[in-house]
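Let me begin by presenting the structure, written as structure tokens, before commenting on it.
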Amino acid sequence: MKQFNELLASCKEVAFDLRFTKAANWKLADKSRAIVGFLPIYFPREIVHAVNGLAVGIMGAGDHKQIIKGDAYYQSYICHLPRGIIEMALDDSLNHFDGFVFPAICDCIRNLSGMFKLAEKGKFQRYFDYPQNFDTLIGGVFYRQELEKIIADVYAINKVELTTENLNRSIKLYNYNRKLIEEIYKIRQQYPWRLSAVDTYLIIRAGLAIPVEEHNIILEQTVEAISNERGEPMDNIRVVISGSFCEQPPLGLIKSIEMAGCYIVDDDLMLGSRWIQGDIEDNSNDPLTALTNAYLTQSTCSSAVYDVGNPKGKRVVDRVKKHDADGVIFSAASFCDPALLDRPELQKACDEAGVPHINFQYHENTGQFKVIKEQAGTFSDSIKLWA
Amino acid sequence: MSKNATEAIKEKSMVIQKDMLANLFHELSKTKETGKKVVYTFVPGNLTELILSFDMLPVYPEINALQSGMRKKSGAYIRDAEKLGFSEDVCTYVKCDIGMMLNGNIGPTGEKLPAPDLLLLSYTGCFTFMKWFENLERLYPGVPVAMLHTPYQEDGNITPEQVEYMVKQLKEEVIPKMEKVSGKKFDMERLSKMMTNSAKAEDLLVKILETAKNKPSPIDAYFAGVYYIGPIFTAFRGTDEAVEYYKELYAEVTERLRLGLGPVTPEGELKEEKFRLVVEYPPNWTNFREFWKIFYDAGAVIVASSYTKVGGVYDLGFRHNPDEPLESLSKYCMGCYTNMNLPQRVNLLADYVKEYKADGFLINSIKSCNSFSAGQLMIMREIEQRMEVPVGFIESDLVDPRYFSYANIKNRLESYFQMLEQRKIIMAQDAEKV
Ligand code: SF4
Ligand code: SF4
């Protein structure tokens with residue numbers, strides 16, 4: 001038990017180390033190593049791993065940094081995440097990164113890629129365009145080209161060639177990583193008291209800043225620890241959190257929801273780590289195509305992906321049913337167009353399916369949780385009352 | 001030209017464009033009788049020629065939204081959309097459009113707009129477009145959506161692979177859906193012919209906008225740009241009427257130039273050009289006249305703006321090309337201003353400041369719009385450092401009247417104009433010393 005608590009404490013340290021010390025130390029061990037920072041939501045880290053790189057997730061400064069310069073770069077009506085990240089870039093926290101990848105999830109992240117270009121941060125700053133066409137011969141070809149650009153970027157830095165064997169090996173490691181994360185979620189969905197949502201979050205977020213091999217060990221230890229009974233079951237309701245896929249809520253917010261009597265049985269907090277559903281083929285002659293096909297056909301439900309023909313509303317309701325949840329908490333960052341423009345449709349789908357829901361907005365550095373706690377508490381009480 | 005306090009002074013071209021637009025809206029109101037099919041789509045990366053080549057009619061929800069703003073309807077529409085669950089924080093164009101639809105979809109001429117037969121999601125330069133049409137798809141159940149994903153110019157150029165990706169989408173996704181909806185076969189020759197017209201109109205448009213390089217400028221490239229120079233372009237590009245319209249407009253502008261006249265404002269001709277500005281981002285629509293007045297009262301003329309380039313940056317040389325219609329539609333989509341990366345945007349704006357001999361650079365930042373606004377403060381710093389001109393910054397919204405504070409904006413602009421005035425005096429004194 002003591003050991004597991006220590007593990008949790010170290011995950012917390014790694015998850016919120018905004019100087020990414022672990023990654024920096026990892027790089028020091030070998031000159032051909034490279035660090036590639038990526039922003040939310042999803043980036044196929046396998047391609048960087050396969051060429052002796054470490055893809056590190058930059059999830060924002062949260063409530064762990066005072067923003068001074070960043071506010072001078074953003075108007076008040078733009079979400080908080082990019083201002084924290086530009087602050088980190090300007091105060092040299094990201095100096096050991098060789099390049100940056102900005103996935104195509106919204107115009108803020110897109111334009112941040114240009115700001116990094118103008119500020120000349122890193123040796124490359126790549127906007128990673130997700131195709132919104134899912135035909136293998138159209139969107140698939142395009143996606144593969146996007147992957148190849150990043151592989152070439154890393155090659156220009158460390159001169160490590162991508163080989164089929166290495167990429168297959170990396171895919172295998174990340175498959176295992178996703179499998180373990182899903183295992184943790186599965187256990188929590190059955191026995192939510194065994195691992196709090198906050199601890200789950202810390203364990204998964206830590207994985208964005210360390211080599212996947214190390215993270216897999218942490219996950220294995222977690223699975224082992226929670227396979228046995230720990231904690232006490234409580235009379236809580238079961239909720240799904242939706243809308244927190246990019247700018248992350250402060251830990252205090254997640255904690256407040258739990259303390260208000262809610263077990264968070266599913267969420268989209270660390271969505272990038274759970275993006276691909278199921279395994280990616282790991283023994284093909286063409287692993288880049290395997291990664292491409294996985295994006296096209298195994299991507300999770302997300303506000304960043306065109307959903308006509310596969311409506312998100314239905315997918316959220318399905319998740320609620322699958323995990324036997326009592327309701328949904330729509331929790332999105334303020335000024336987050338992708339999440340907030342999806343919300344009415346998702347709420348409508350919930351209403352039609354008789355799924356109760358509440359919603360609120362936050363900033364990553366929100367410091368007051370009283371209202372949110374009260375709202376979640378009332379939600380929990382009303383569900384218990386009417387159950 | 002007589003001046004009337006309430007009625008705006010109009011040039012011939014303004015009257016023509018008003019008639020053209022009125023006819024389009026009238027035609028749209030009659031689609032039930034005529035059987036014409038209707039395509040909803042966006043201004044940036046619009047495929048007007050392709051739509052018209054199928055004899056379908058385009059509707060641009062952004063234009064409806066801005067028109068609703070000008071007609072003071074947007075506030076109520078936005079509130080109605082918010083009642084449906086749309087957050088106060090999101091793009092007000094989307095909310096205004098959805099509110100308009102909830103209130104009977106009455107267009108700017110007071111006639112009802114038809115529902116779409118096709119939602120053409122040309123996803124160019126703005127992520128919100130995708131969310132917007134995902135929402136419309138649910139509000140118009142059963143209406144097909146054709147997605148055209150436009151890759152971003154992340155590296156500051158358009159690659160052959162990106163063109164190929166777009167052409168494939170046009171061939172496999174967009175054109176088949178248009179054929180199905182319109183019941184007509186795709187006619188490449190017809191499209192190609194339209195592009196000859198597009199290129200002619202584009203030549204004329206560039207010539208017109210570039211007359212602002214003269215001192216005094218015969219046009220206001222921002223207010224007039226959005227009021228009567230630009231709108232025709234989007235809905236009519238590729239037609240004979242558009243070419244005729246731009247010929248007329250060009251003649252009118254060159255005549256003004258010959259006579260040394262300044263731009264036409266709603267209160268008549270601007271007598272003295274005191275300041276020349278480059279402006280980034282659109283004007284506020286709910287108080288358009290008041291907003292414009294602050295500028296012309298101070299003798300400030302906008303000589304170049306980025307907003308008039310969201311529908312295409314033709315002054316950088318792009319023309320629709322009849323020899324490669326689909327490739328050129330693709331390049332057009334990728335070339336629009338909001339699809340350019342930040343360094344490209346900075347370069348373009350800096351060039352405008354230089355080429356149009358601007359005294360200053362101003363940003364009207366819009367609360368709604370992440371596509372434009374995120375990064376603007378950095379753009380401002382870059383322009384200030386590179387061009388050494390005074391920069392100004394004001395904030396408002398496109399169509400949400402709650403975010404237009406007249407007094408605040410007027411104060412800020414007046415201080416900015418004073419700063420420009422001071423600088424002119426100092427520069428004149430320095431020049432004398434030399
Ligand atoms: S929080 Fe939303 S708007 Fe902000 S960067 Fe993330 S996805 Fe974009
Ligand atoms: S975010 Fe900006 S560019 Fe996009 S639809 Fe709204 S106003 Fe237009």
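Ligands are numbered from 1 in the order shown, residues from 1 within each chain, and chains are lettered A, B, ... in the order they appear in the structure tokens.
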Practice problem: Dump as number ranges by chain the residues of chain B that approach chain A to within 6 Å, counting only C-alpha atoms. | Solution: B: 85, 89-90, 127, 149, 154, 341-342, 367, 370-371, 374, 377
Quiz item: Can I get the residues close to ligand 2 as a ChimeraX atom specification, where close means within 10 Å and we count only C-alpha atoms and all ligand atoms?
Solution: /A:106-107,337 /B:42-44,61-62,65-66,90-95,123-132,281-282,310,338,366-373,397-399
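DSSP secondary structure from the backbone places Val145, Ala146, Met147, Leu148 and His149 of chain B of stretch 129-263 of chain B in strand (DSSP E).
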Go ahead and save the picked residues with N, CA, C and O atoms, as a compact mmCIF listing (two decimals), in the first residue's frame.
```txt
# COMPACT_ATOMS: atom_id res chain seq x y z
N VAL B 145 -24.72 16.20 -46.43
CA VAL B 145 -23.59 17.11 -46.21
C VAL B 145 -22.44 16.64 -47.09
O VAL B 145 -22.11 15.45 -47.10
N ALA B 146 -21.86 17.57 -47.84
CA ALA B 146 -20.64 17.23 -48.59
C ALA B 146 -19.49 17.92 -47.89
O ALA B 146 -19.45 19.15 -47.79
N MET B 147 -18.57 17.13 -47.36
CA MET B 147 -17.43 17.71 -46.64
C MET B 147 -16.26 17.89 -47.60
O MET B 147 -15.91 16.97 -48.34
N LEU B 148 -15.70 19.07 -47.58
CA LEU B 148 -14.47 19.31 -48.34
C LEU B 148 -13.44 19.84 -47.35
O LEU B 148 -13.48 21.01 -46.96
N HIS B 149 -12.56 18.97 -46.96
CA HIS B 149 -11.54 19.37 -45.97
C HIS B 149 -10.39 20.07 -46.69
O HIS B 149 -9.74 19.49 -47.56
```
Quiz prompt | Non-local contacts of A:Val198 (7 Å; only C-alpha atoms; under 3 positions in same chain excluded) as a ChimeraX atom specification | solution = /A:201-202,251,254-255
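Distances here use only C-alpha atoms and all ligand atoms; by that measure, the residue among B:Gly375, B:Gly317, B:Gln67, B:Pro141 closest to ligand 1 is B:Gly375.
Separating atom CA of B:Val346 from atom CA of B:Ile379 is a distance of 5.9 Å.
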Exercise. Mind giving me the straight-line distance from atom CA of B:Leu191 to atom CA of B:Glu327 in Å, one decimal?
Key: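 Separation of atom CA of B:Leu191 and atom CA of B:Glu327: 12.1 Å.
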